[in-house]
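What's in entry-v1.txt: compact mmCIF, C-alpha atoms and all ligand atoms
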```
# COMPACT_ATOMS: atom_id res chain seq x y z
CA MET A 7 50.81 -18.39 13.70
CA ARG A 8 51.66 -14.73 13.02
CA ALA A 9 48.73 -12.57 12.03
CA VAL A 10 47.25 -9.09 11.79
CA LEU A 11 43.63 -8.41 12.66
CA VAL A 12 42.31 -5.95 10.09
CA ILE A 13 39.32 -3.86 11.14
CA ASN A 14 37.17 -1.72 8.88
CA ALA A 15 34.71 -0.03 11.21
CA GLY A 16 31.88 2.05 9.80
CA SER A 17 29.20 3.93 11.71
CA SER A 18 26.92 0.86 11.83
CA SER A 19 29.14 -2.06 10.88
CA VAL A 20 32.50 -3.66 11.60
CA LYS A 21 34.21 -5.81 8.96
CA TYR A 22 37.22 -7.82 10.12
CA GLN A 23 39.73 -10.30 8.85
CA LEU A 24 42.61 -12.17 10.49
CA LEU A 25 45.43 -12.65 8.04
CA ASP A 26 49.06 -13.54 7.68
CA PRO A 27 50.80 -10.40 6.38
CA GLU A 28 53.58 -12.42 4.72
CA THR A 29 51.69 -15.17 2.93
CA GLY A 30 48.36 -13.38 2.62
CA ALA A 31 46.58 -16.45 4.05
CA SER A 32 43.23 -15.50 5.56
CA HIS A 33 42.50 -17.35 8.81
CA ALA A 34 39.01 -15.97 9.47
CA LYS A 35 36.81 -13.06 8.52
CA GLY A 36 33.54 -11.60 9.56
CA LEU A 37 31.00 -8.83 9.62
CA ILE A 38 29.02 -7.30 12.47
CA GLU A 39 26.18 -5.27 11.09
CA ARG A 40 23.34 -2.96 12.12
CA ILE A 41 25.24 -1.65 15.15
CA GLY A 42 23.05 0.67 17.21
CA LEU A 43 19.80 -0.55 15.63
CA SER A 44 17.15 -2.75 17.24
CA THR A 45 18.34 -5.90 15.43
CA GLY A 46 21.99 -6.65 14.67
CA ALA A 47 23.89 -9.61 13.30
CA LEU A 48 27.28 -11.29 13.37
CA HIS A 49 28.68 -13.45 10.56
CA HIS A 50 31.99 -15.19 11.30
CA THR A 51 33.58 -17.33 8.60
CA VAL A 52 36.37 -19.76 9.35
CA ASP A 53 37.55 -22.71 7.19
CA GLY A 54 34.85 -21.87 4.66
CA VAL A 55 32.03 -22.27 7.19
CA ARG A 56 29.91 -19.24 8.07
CA HIS A 57 28.50 -18.93 11.58
CA ASP A 58 25.56 -16.49 11.87
CA ARG A 59 24.03 -14.93 14.95
CA GLU A 60 21.20 -12.40 15.21
CA LEU A 61 21.24 -10.11 18.24
CA PRO A 62 21.14 -6.41 19.03
CA VAL A 63 24.61 -4.78 19.02
CA PRO A 64 24.28 -1.47 20.90
CA ASP A 65 27.71 0.01 20.10
CA HIS A 66 31.23 -0.64 18.81
CA GLU A 67 32.40 -1.85 22.22
CA ALA A 68 29.70 -4.52 22.16
CA ALA A 69 30.73 -5.35 18.57
CA MET A 70 34.31 -5.91 19.69
CA HIS A 71 33.12 -8.25 22.49
CA LEU A 72 31.17 -10.20 19.88
CA LEU A 73 34.22 -10.35 17.64
CA THR A 74 36.48 -11.77 20.37
CA GLY A 75 33.65 -14.11 21.42
CA ALA A 76 33.30 -15.41 17.85
CA PHE A 77 37.03 -16.17 17.71
CA ALA A 78 36.82 -17.95 21.11
CA GLU A 79 33.83 -20.02 20.03
CA HIS A 80 34.62 -20.81 16.38
CA GLY A 81 38.37 -20.19 16.18
CA PRO A 82 41.08 -19.56 15.52
CA ASP A 83 41.89 -19.21 19.23
CA LEU A 84 43.43 -15.73 19.48
CA ALA A 85 45.41 -16.83 22.55
CA GLN A 86 47.39 -19.11 20.21
CA VAL A 87 47.96 -16.38 17.62
CA ASP A 88 51.02 -14.12 17.57
CA LEU A 89 48.94 -11.01 16.92
CA VAL A 90 51.49 -8.48 15.65
CA ALA A 91 49.03 -5.64 15.13
CA VAL A 92 45.45 -4.56 14.73
CA GLY A 93 45.27 -2.66 11.44
CA HIS A 94 42.47 -0.13 11.08
CA ARG A 95 41.15 1.34 7.87
CA VAL A 96 40.71 5.07 8.39
CA VAL A 97 39.06 6.98 5.56
CA HIS A 98 40.44 10.50 5.94
CA GLY A 99 43.97 11.31 6.99
CA GLY A 100 43.83 14.82 5.53
CA ALA A 101 47.23 16.34 4.79
CA ASP A 102 48.44 15.02 8.15
CA PHE A 103 49.16 11.40 7.22
CA ALA A 104 51.14 10.31 4.19
CA ASP A 105 51.92 6.92 5.77
CA PRO A 106 50.31 4.44 8.14
CA VAL A 107 50.99 5.18 11.82
CA GLU A 108 50.77 3.47 15.18
CA VAL A 109 47.81 4.92 17.05
CA THR A 110 48.79 7.25 19.91
CA PRO A 111 46.60 9.75 21.77
CA ALA A 112 47.95 12.46 19.40
CA VAL A 113 47.03 10.39 16.33
CA LEU A 114 43.51 9.85 17.70
CA ALA A 115 43.16 13.58 18.30
CA THR A 116 44.22 14.34 14.72
CA ILE A 117 41.77 11.81 13.24
CA LYS A 118 39.08 13.49 15.36
CA ARG A 119 40.14 16.92 14.08
CA LEU A 120 39.64 15.59 10.54
CA VAL A 121 36.00 14.57 11.16
CA PRO A 122 34.63 17.67 9.34
CA LEU A 123 36.35 16.38 6.17
CA ALA A 124 34.76 12.92 6.46
CA PRO A 125 31.72 13.24 8.74
CA LEU A 126 30.21 9.95 7.55
CA HIS A 127 33.36 7.87 7.97
CA ASN A 128 35.96 9.05 10.48
CA PRO A 129 33.64 8.84 13.55
CA GLY A 130 32.94 5.12 12.92
CA ASN A 131 36.65 4.52 12.28
CA LEU A 132 37.45 6.21 15.61
CA ASP A 133 34.86 4.14 17.48
CA GLY A 134 36.43 1.00 16.02
CA ILE A 135 39.91 2.02 17.15
CA THR A 136 38.92 2.85 20.72
CA ALA A 137 36.92 -0.37 21.05
CA ALA A 138 39.85 -2.41 19.70
CA GLN A 139 42.26 -0.66 22.10
CA GLU A 140 40.13 -1.88 24.98
CA ALA A 141 39.74 -5.39 23.55
CA PHE A 142 43.45 -5.77 22.65
CA PRO A 143 45.32 -3.50 25.10
CA ASP A 144 48.71 -5.16 24.52
CA VAL A 145 48.64 -5.18 20.73
CA PRO A 146 49.85 -2.20 18.66
CA GLN A 147 46.99 -0.49 16.82
CA VAL A 148 47.92 0.88 13.41
CA ALA A 149 45.84 3.35 11.36
CA VAL A 150 46.02 2.95 7.57
CA PHE A 151 44.51 5.88 5.70
CA ASP A 152 42.56 5.77 2.42
CA THR A 153 44.00 9.17 1.53
CA ALA A 154 47.67 8.47 2.36
CA PHE A 155 48.79 7.07 -1.02
CA HIS A 156 47.67 10.29 -2.74
CA GLN A 157 49.72 12.61 -0.53
CA THR A 158 52.43 12.36 -3.20
CA MET A 159 50.21 14.24 -5.67
CA PRO A 160 51.96 17.40 -6.86
CA GLU A 161 50.42 20.70 -5.74
CA ALA A 162 49.17 21.33 -9.27
CA ALA A 163 47.00 18.20 -9.11
CA ALA A 164 45.89 18.69 -5.49
CA THR A 165 44.90 22.36 -5.72
CA TYR A 166 41.41 23.65 -6.51
CA ALA A 167 41.41 27.09 -8.11
CA VAL A 168 39.24 28.62 -5.38
CA PRO A 169 39.66 31.59 -3.02
CA LYS A 170 42.70 31.45 -0.80
CA VAL A 171 40.68 31.68 2.37
CA TRP A 172 38.85 28.44 1.52
CA ARG A 173 42.15 26.68 0.97
CA ALA A 174 43.93 28.15 3.98
CA GLN A 175 41.17 28.04 6.59
CA HIS A 176 39.02 25.12 5.52
CA ARG A 177 41.63 22.68 4.19
CA VAL A 178 39.94 22.76 0.78
CA ARG A 179 42.11 20.72 -1.61
CA ARG A 180 42.06 17.39 -3.38
CA TYR A 181 42.89 14.41 -1.14
CA GLY A 182 41.75 11.32 -3.06
CA PHE A 183 40.53 8.01 -1.65
CA HIS A 184 40.79 4.23 -2.23
CA GLY A 185 44.53 4.75 -1.73
CA THR A 186 45.08 1.33 -0.14
CA SER A 187 43.57 -0.35 -3.19
CA HIS A 188 45.44 1.82 -5.71
CA ALA A 189 48.72 1.15 -3.87
CA TYR A 190 48.18 -2.61 -3.81
CA VAL A 191 47.01 -2.90 -7.41
CA SER A 192 49.68 -0.63 -8.93
CA ARG A 193 52.43 -2.58 -7.16
CA ARG A 194 50.90 -5.93 -8.10
CA VAL A 195 50.69 -5.07 -11.81
CA ALA A 196 54.38 -4.19 -11.82
CA GLU A 197 55.10 -7.68 -10.41
CA LEU A 198 52.88 -9.24 -13.05
CA LEU A 199 54.62 -7.29 -15.81
CA GLY A 200 57.99 -8.28 -14.34
CA ARG A 201 59.11 -4.66 -14.42
CA PRO A 202 60.35 -2.35 -11.66
CA VAL A 203 57.50 -0.17 -10.42
CA GLU A 204 59.90 2.83 -10.70
CA GLU A 205 59.76 2.80 -14.49
CA LEU A 206 56.02 2.33 -14.99
CA ARG A 207 53.25 4.78 -15.88
CA THR A 208 50.02 3.16 -14.78
CA VAL A 209 46.37 4.14 -14.57
CA VAL A 210 44.35 2.15 -12.03
CA LEU A 211 40.56 2.05 -12.36
CA HIS A 212 39.01 1.00 -9.04
CA LEU A 213 35.37 0.41 -10.01
CA GLY A 214 33.21 -0.75 -7.11
CA ASN A 215 30.17 0.91 -5.53
CA GLY A 216 32.54 3.81 -5.10
CA ALA A 217 34.87 4.32 -8.05
CA SER A 218 38.08 6.20 -8.67
CA ALA A 219 40.90 6.41 -11.19
CA THR A 220 44.51 7.05 -10.21
CA ALA A 221 47.56 7.98 -12.26
CA VAL A 222 50.62 6.24 -10.80
CA GLU A 223 54.12 7.22 -11.87
CA GLY A 224 57.05 5.23 -10.52
CA GLY A 225 54.86 3.76 -7.77
CA ARG A 226 53.58 7.17 -6.60
CA SER A 227 50.11 8.64 -7.06
CA VAL A 228 50.38 11.79 -9.19
CA ASP A 229 46.66 12.39 -9.78
CA THR A 230 43.37 10.81 -8.78
CA SER A 231 39.74 11.37 -9.67
CA MET A 232 38.28 11.78 -6.17
CA GLY A 233 38.95 15.07 -4.45
CA LEU A 234 38.04 16.76 -1.16
CA THR A 235 35.26 14.19 -0.83
CA PRO A 236 34.60 10.84 -2.52
CA LEU A 237 31.98 12.52 -4.74
CA GLU A 238 34.29 13.82 -7.46
CA GLY A 239 35.27 11.93 -10.57
CA LEU A 240 33.78 8.80 -12.07
CA VAL A 241 30.15 7.71 -12.25
CA MET A 242 29.50 5.44 -9.24
CA GLY A 243 26.64 3.35 -7.82
CA THR A 244 24.83 6.26 -6.18
CA ARG A 245 27.24 9.18 -6.82
CA GLY A 246 27.37 11.06 -10.08
CA GLY A 247 30.99 12.16 -9.98
CA ASP A 248 32.02 15.29 -11.88
CA LEU A 249 29.46 17.98 -12.52
CA ASP A 250 29.16 21.71 -12.95
CA PRO A 251 29.87 23.50 -9.62
CA GLY A 252 27.13 25.93 -10.66
CA LEU A 253 24.52 23.21 -10.16
CA ALA A 254 24.19 23.84 -6.40
CA GLY A 255 23.25 27.49 -6.91
CA HIS A 256 20.97 26.68 -9.82
CA LEU A 257 18.93 24.15 -7.82
CA ALA A 258 18.82 26.48 -4.80
CA ARG A 259 17.32 29.17 -7.04
CA VAL A 260 14.92 27.16 -9.24
CA ALA A 261 13.90 24.45 -6.73
CA ASN A 262 14.67 26.15 -3.41
CA MET A 263 16.79 23.11 -2.63
CA SER A 264 18.57 22.96 0.73
CA MET A 265 22.24 22.04 1.05
CA GLU A 266 21.24 18.87 2.94
CA ASP A 267 18.94 17.70 0.13
CA TYR A 268 21.56 18.54 -2.47
CA ASP A 269 24.30 16.62 -0.59
CA ARG A 270 22.05 13.63 -0.09
CA ALA A 271 20.93 13.50 -3.73
CA LEU A 272 24.51 13.68 -4.97
CA SER A 273 25.80 10.97 -2.69
CA LYS A 274 22.79 8.64 -2.38
CA GLU A 275 20.49 9.17 -5.38
CA SER A 276 22.77 9.84 -8.34
CA GLY A 277 25.15 7.73 -10.42
CA LEU A 278 23.80 4.45 -11.80
CA LEU A 279 20.84 4.78 -9.43
CA GLY A 280 19.94 8.22 -10.76
CA LEU A 281 20.30 7.11 -14.37
CA THR A 282 18.57 3.71 -14.21
CA GLY A 283 16.80 3.28 -10.85
CA SER A 284 19.37 0.64 -9.81
CA ALA A 285 22.76 1.20 -8.16
CA ASP A 286 23.78 -2.39 -8.90
CA MET A 287 25.89 -2.84 -12.04
CA ARG A 288 24.76 -6.46 -12.38
CA GLU A 289 21.19 -5.30 -12.78
CA VAL A 290 22.15 -2.44 -15.11
CA MET A 291 24.03 -4.88 -17.38
CA ALA A 292 21.11 -7.34 -17.38
CA ARG A 293 18.72 -4.56 -18.38
CA ARG A 294 21.11 -3.31 -21.05
CA ASP A 295 21.17 -6.84 -22.51
CA GLU A 296 17.38 -6.63 -22.76
CA GLY A 297 17.61 -3.36 -24.68
CA ASP A 298 16.61 -0.96 -21.89
CA PRO A 299 17.54 2.56 -23.16
CA ASP A 300 18.23 3.97 -19.66
CA ALA A 301 20.67 1.15 -18.96
CA GLU A 302 22.34 1.67 -22.35
CA LEU A 303 22.74 5.41 -21.71
CA ALA A 304 24.12 4.75 -18.21
CA PHE A 305 26.68 2.33 -19.67
CA GLU A 306 27.74 4.92 -22.26
CA VAL A 307 28.02 7.68 -19.63
CA VAL A 308 30.19 5.42 -17.46
CA VAL A 309 32.45 4.58 -20.43
CA HIS A 310 32.67 8.21 -21.57
CA ARG A 311 33.72 9.39 -18.12
CA LEU A 312 36.31 6.59 -17.87
CA LEU A 313 37.77 7.61 -21.24
CA ARG A 314 38.08 11.22 -20.11
CA TYR A 315 40.10 10.14 -17.09
CA VAL A 316 42.25 7.57 -18.86
CA GLY A 317 42.99 10.07 -21.64
CA GLY A 318 43.65 12.94 -19.23
CA PHE A 319 45.85 10.85 -16.95
CA THR A 320 47.81 9.52 -19.91
CA ALA A 321 48.65 13.13 -20.78
CA VAL A 322 49.54 13.84 -17.13
CA LEU A 323 51.83 10.78 -17.12
CA GLY A 324 53.30 11.58 -20.53
CA GLY A 325 52.33 8.13 -21.79
CA LEU A 326 50.83 4.90 -20.55
CA ASP A 327 52.44 1.51 -19.92
CA ALA A 328 49.67 -0.26 -18.03
CA LEU A 329 45.97 0.16 -17.40
CA VAL A 330 44.42 -1.88 -14.61
CA PHE A 331 40.80 -2.69 -13.78
CA THR A 332 39.87 -3.67 -10.22
CA ALA A 333 37.00 -3.95 -7.67
CA GLY A 334 33.53 -5.48 -8.23
CA ILE A 335 32.79 -3.88 -11.60
CA GLY A 336 36.38 -3.79 -12.86
CA GLU A 337 36.90 -7.46 -12.00
CA ASN A 338 33.61 -8.72 -13.44
CA VAL A 339 32.13 -6.60 -16.20
CA ALA A 340 34.01 -7.67 -19.32
CA PRO A 341 31.80 -5.68 -21.78
CA LEU A 342 32.62 -2.46 -19.92
CA ARG A 343 36.36 -3.17 -20.09
CA ALA A 344 36.03 -3.98 -23.79
CA ALA A 345 34.17 -0.73 -24.47
CA VAL A 346 36.96 1.27 -22.82
CA VAL A 347 39.95 -0.61 -24.25
CA ASP A 348 38.49 -0.68 -27.78
CA ARG A 349 38.55 3.12 -27.73
CA LEU A 350 42.19 3.23 -26.67
CA THR A 351 43.62 1.72 -29.85
CA PHE A 352 45.06 5.17 -30.67
CA LEU A 353 47.32 4.69 -27.62
CA GLY A 354 48.37 1.27 -28.82
CA ALA A 355 46.03 -0.86 -26.69
CA GLU A 356 44.89 -4.03 -28.43
CA LEU A 357 42.20 -6.03 -26.62
CA ASP A 358 42.33 -9.82 -26.50
CA PRO A 359 38.56 -10.47 -26.44
CA ALA A 360 38.80 -14.11 -25.33
CA ALA A 361 41.14 -13.23 -22.46
CA ASN A 362 38.87 -10.35 -21.51
CA ASP A 363 35.74 -12.54 -21.41
CA ALA A 364 37.59 -15.22 -19.42
CA THR A 365 38.94 -12.85 -16.75
CA VAL A 366 35.99 -12.58 -14.33
CA GLY A 367 35.03 -13.76 -10.86
CA GLY A 368 38.13 -12.57 -9.05
CA ALA A 369 40.68 -13.87 -11.59
CA GLU A 370 43.92 -12.04 -12.29
CA GLY A 371 44.95 -11.72 -15.94
CA ARG A 372 46.08 -9.72 -18.92
CA ILE A 373 43.28 -8.78 -21.33
CA THR A 374 45.36 -7.30 -24.15
CA THR A 375 47.45 -9.15 -26.73
CA ALA A 376 51.13 -9.90 -26.04
CA ASP A 377 52.15 -7.23 -28.59
CA SER A 378 49.84 -4.53 -27.27
CA ARG A 379 51.84 -1.37 -26.56
CA VAL A 380 49.64 -0.58 -23.54
CA GLN A 381 49.19 -3.64 -21.33
CA VAL A 382 45.73 -3.87 -19.79
CA TRP A 383 45.23 -6.11 -16.76
CA VAL A 384 42.54 -7.18 -14.35
CA VAL A 385 43.96 -7.34 -10.83
CA PRO A 386 41.53 -8.16 -8.00
CA THR A 387 42.09 -5.71 -5.18
CA ASP A 388 42.87 -6.89 -1.64
CA GLU A 389 42.60 -3.95 0.70
CA GLU A 390 42.66 -6.15 3.81
CA LEU A 391 45.97 -7.75 2.82
CA GLU A 392 47.45 -4.34 2.01
CA ILE A 393 46.34 -3.00 5.43
CA ALA A 394 47.78 -6.12 7.15
CA ARG A 395 51.11 -5.68 5.35
CA GLN A 396 51.32 -1.95 6.07
CA ALA A 397 50.40 -2.49 9.74
CA ALA A 398 53.01 -5.24 10.15
CA ALA A 399 55.62 -3.01 8.47
CA VAL A 400 54.89 -0.13 10.88
CA VAL A 401 55.35 -2.44 13.87
CA ALA A 402 58.55 -3.95 12.42
CA ASP A 403 59.97 -0.45 11.75
CA GLN A 404 59.25 0.58 15.29
CA GLN A 405 60.94 -2.53 16.71
CA ASN A 406 64.00 -1.82 14.55
CA THR A 407 64.30 1.78 15.70
CA SER A 408 63.69 1.13 19.41
P1 LIG B 1 32.39 -1.84 -2.68
O1 LIG B 1 32.84 -0.50 -3.17
O2 LIG B 1 31.12 -1.78 -1.90
O3 LIG B 1 33.49 -2.67 -2.06
P2 LIG B 1 32.49 -3.80 -4.83
O4 LIG B 1 33.92 -3.69 -5.18
O5 LIG B 1 32.01 -5.05 -4.19
O6 LIG B 1 31.96 -2.55 -4.03
O7 LIG B 1 31.66 -3.58 -6.19
C1 LIG B 1 30.26 -3.56 -6.21
C2 LIG B 1 29.80 -3.38 -7.64
O8 LIG B 1 30.31 -4.46 -8.43
C3 LIG B 1 28.28 -3.42 -7.79
O9 LIG B 1 27.87 -2.47 -8.75
C4 LIG B 1 28.04 -4.82 -8.32
O10 LIG B 1 26.87 -4.90 -9.08
C5 LIG B 1 29.25 -5.02 -9.18
N1 LIG B 1 29.50 -6.44 -9.43
C6 LIG B 1 29.97 -7.36 -8.57
N2 LIG B 1 30.00 -8.57 -9.15
C7 LIG B 1 29.51 -8.41 -10.40
C8 LIG B 1 29.27 -9.28 -11.51
N3 LIG B 1 29.53 -10.57 -11.44
N4 LIG B 1 28.76 -8.74 -12.64
C9 LIG B 1 28.48 -7.42 -12.72
N5 LIG B 1 28.68 -6.56 -11.71
C10 LIG B 1 29.19 -7.04 -10.58
```
Represent the structure from my file as structure tokens, please.
Amino acid sequence: MRAVLVINAGSSSVKYQLLDPETGASHAKGLIERIGLSTGALHHTVDGVRHDRELPVPDHEAAMHLLTGAFAEHGPDLAQVDLVAVGHRVVHGGADFADPVEVTPAVLATIKRLVPLAPLHNPGNLDGITAAQEAFPDVPQVAVFDTAFHQTMPEAAATYAVPKVWRAQHRVRRYGFHGTSHAYVSRRVAELLGRPVEELRTVVLHLGNGASATAVEGGRSVDTSMGLTPLEGLVMGTRGGDLDPGLAGHLARVANMSMEDYDRALSKESGLLGLTGSADMREVMARRDEGDPDAELAFEVVVHRLLRYVGGFTAVLGGLDALVFTAGIGENVAPLRAAVVDRLTFLGAELDPAANDATVGGAEGRITTADSRVQVWVVPTDEELEIARQAAAVVADQQNTS
């Protein structure tokens, strides 16, 4: 059995999945959570059965021991697996990585150098890599960056109009995130349409707890809604997305607000949470159904912001062939998709309401009519499979060149 172990290590959790990069078959997956806290937990799922264990997990090294222990106890037996790579999700690759790479000491040093750009994410990613290197010393480790897909953005889209010294000394520019998902989904929709990706103009809406829109032309990202940080762009669970850059100074003056409080409020207390008191779209939709005015306003703000991006990106692309919804909200909230697509009739999008209502719960499907000039699809994202494929491809490339 050939497989890639995909690891998504955060500061206090490690998500993992063992999958076949060719068929996409998932052999096992799991989550180790509350690393470094007084109580931790491991959940290992194999053959549809979940095995749970509660115990303190002091650090990522201990998490990796638990992971290998869970495979030994519940299977599949890693000794019987042809493990071609360990694929790591790394959030920020800066301008240094436009492609996945095998981890070397120089790569680790660069990811470390990028920590100031992603202080909440890259340190956990690094801990995961070093722990996996110790646990699997003979297996190539491959880093797959959330930012890499967007490195094809033209300068005009990546540049903030700010002083040169900020750009030159502090790497201030737009990087974009969710690249693994946008890459997977934009390629998959081309397959579904039966058209070469090279001739398609696509907008992908990745709407999960974090949310971003990407304009994809000929398979390459040409613009995306997230920027230097994952705070820019769409309305998200706890992040408000676009706002007036003058807000920071205003709140410092009128409320004596510190930078720390401002940062925290914008990343943890805004978005759906700020508008409704709940960051969970399921709850917001339930309250909207009951007539709650805050939930209704939040829904309208989300839709309005989506329309601004779809409209803007359509102009950037010079037209639109396909629009794709993905991630938890995109895959499940049919009324939201309907509200967006119904306002795109001027572009030639014609919703198929029955297909839209039926495409939920992780189903793949077209939600516009067969004649619709813009084809709108729901494509469930699979970041783990995309990481597994990219990691396997890096290893295969290296074997071919050596
Ligand atoms: P993450 O970015 O954490 O991976 P997900 O892609 O899982 O997030 O998306 C989480 C969001 O999707 C939450 O707002 C959640 O409420 C929403 N969501 C998931 N399933 C449903 C559903 N069946 N109906 C409405 N919203 C849903």
Just how far from CA of His71 in chain A is CA of Ala141 in chain A, in Å to one decimal?
7.3 Å
Kindly compile the residues surrounding ligand LIG 1 (chain B) within 6 Å, counting all atoms listed in the file, and format them as a VMD selection string.
chain A and resid 214 to 216 286 to 288 333 to 335 338 to 339
Near-Gln381 in chain A list (12 Å; all atoms listed in the file; drop same-chain fewer than 3 positions) as JSON, numbers by chain
{"A": [195, 196, 198, 199, 206, 207, 208, 209, 210, 326, 327, 328, 329, 330, 331, 347, 350, 351, 353, 354, 355, 356, 357, 358, 371, 372, 373, 374, 375, 376, 377, 378, 384]}
Which residue is closest to Gln404 in chain A? Choose from A:Pro129, A:Gly75, A:Pro146, A:Pro160 and count only C-alpha atoms.
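The answer is A:Pro146, which sits nearest to Gln404 in chain A.
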Please indicate the distance in Å from CA of Met159 in chain A to CA of Arg226 in chain A, rounded to one decimal place.
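If I compute the distance from CA of Met159 in chain A to CA of Arg226 in chain A, I get 7.9 Å.
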Point-to-point distance in Å for CA of Val96 in chain A and CA of Phe183 in chain A
10.5 Å
Quick one: of A:Met242, A:Ala104, A:Leu312, A:Ala34, who's nearest to Thr153 in chain A, counting only C-alpha atoms?
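Smallest separation from Thr153 in chain A among the options: A:Ala104.
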Which polymer residues have any atom within 12 Å of an atom of Gly318 in chain A, counting all atoms listed in the file, with same-chain residues fewer than 4 positions away left out, as a ChimeraX atom specification?
/A:163,209,219-221,229-231,311-314,322-326
Please list as a ChimeraX atom specification every residue within 7 Å of Glu275 in chain A, counting only C-alpha atoms and excluding residues in the same chain fewer than 3 positions away.
/A:244-245,271-272,279-280
Could range 352-365 of chain A be completed with N, CA and C atoms and returned as a PDB file, in the frame of the given file?
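Below is the file out08.pdb, written as the result:
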```
ATOM      1  N   PHE A 352      44.163   4.079 -30.248  1.00  0.00           N
ATOM      2  CA  PHE A 352      45.060   5.170 -30.670  1.00  0.00           C
ATOM      3  C   PHE A 352      46.286   5.273 -29.755  1.00  0.00           C
ATOM      4  N   LEU A 353      46.165   4.704 -28.529  1.00  0.00           N
ATOM      5  CA  LEU A 353      47.320   4.690 -27.620  1.00  0.00           C
ATOM      6  C   LEU A 353      48.162   3.423 -27.813  1.00  0.00           C
ATOM      7  N   GLY A 354      47.648   2.516 -28.614  1.00  0.00           N
ATOM      8  CA  GLY A 354      48.370   1.270 -28.820  1.00  0.00           C
ATOM      9  C   GLY A 354      47.851   0.124 -27.967  1.00  0.00           C
ATOM     10  N   ALA A 355      46.620   0.252 -27.450  1.00  0.00           N
ATOM     11  CA  ALA A 355      46.030  -0.860 -26.690  1.00  0.00           C
ATOM     12  C   ALA A 355      45.271  -1.773 -27.636  1.00  0.00           C
ATOM     13  N   GLU A 356      45.556  -3.071 -27.546  1.00  0.00           N
ATOM     14  CA  GLU A 356      44.890  -4.030 -28.430  1.00  0.00           C
ATOM     15  C   GLU A 356      44.262  -5.126 -27.567  1.00  0.00           C
ATOM     16  N   LEU A 357      42.937  -5.095 -27.486  1.00  0.00           N
ATOM     17  CA  LEU A 357      42.200  -6.030 -26.620  1.00  0.00           C
ATOM     18  C   LEU A 357      42.348  -7.465 -27.126  1.00  0.00           C
ATOM     19  N   ASP A 358      42.445  -8.398 -26.183  1.00  0.00           N
ATOM     20  CA  ASP A 358      42.330  -9.820 -26.500  1.00  0.00           C
ATOM     21  C   ASP A 358      40.946 -10.241 -25.997  1.00  0.00           C
ATOM     22  N   PRO A 359      39.944 -10.281 -26.901  1.00  0.00           N
ATOM     23  CA  PRO A 359      38.560 -10.470 -26.440  1.00  0.00           C
ATOM     24  C   PRO A 359      38.344 -11.760 -25.655  1.00  0.00           C
ATOM     25  N   ALA A 360      39.003 -12.831 -26.048  1.00  0.00           N
ATOM     26  CA  ALA A 360      38.800 -14.110 -25.330  1.00  0.00           C
ATOM     27  C   ALA A 360      39.357 -14.001 -23.911  1.00  0.00           C
ATOM     28  N   ALA A 361      40.547 -13.390 -23.798  1.00  0.00           N
ATOM     29  CA  ALA A 361      41.140 -13.230 -22.460  1.00  0.00           C
ATOM     30  C   ALA A 361      40.262 -12.314 -21.619  1.00  0.00           C
ATOM     31  N   ASN A 362      39.729 -11.268 -22.250  1.00  0.00           N
ATOM     32  CA  ASN A 362      38.870 -10.350 -21.510  1.00  0.00           C
ATOM     33  C   ASN A 362      37.628 -11.066 -20.973  1.00  0.00           C
ATOM     34  N   ASP A 363      36.962 -11.839 -21.832  1.00  0.00           N
ATOM     35  CA  ASP A 363      35.740 -12.540 -21.410  1.00  0.00           C
ATOM     36  C   ASP A 363      36.043 -13.577 -20.326  1.00  0.00           C
ATOM     37  N   ALA A 364      37.263 -14.137 -20.370  1.00  0.00           N
ATOM     38  CA  ALA A 364      37.590 -15.220 -19.420  1.00  0.00           C
ATOM     39  C   ALA A 364      38.019 -14.672 -18.057  1.00  0.00           C
ATOM     40  N   THR A 365      38.384 -13.379 -18.009  1.00  0.00           N
ATOM     41  CA  THR A 365      38.940 -12.850 -16.750  1.00  0.00           C
ATOM     42  C   THR A 365      37.821 -12.201 -15.926  1.00  0.00           C
TER      43      THR A 365
END
```
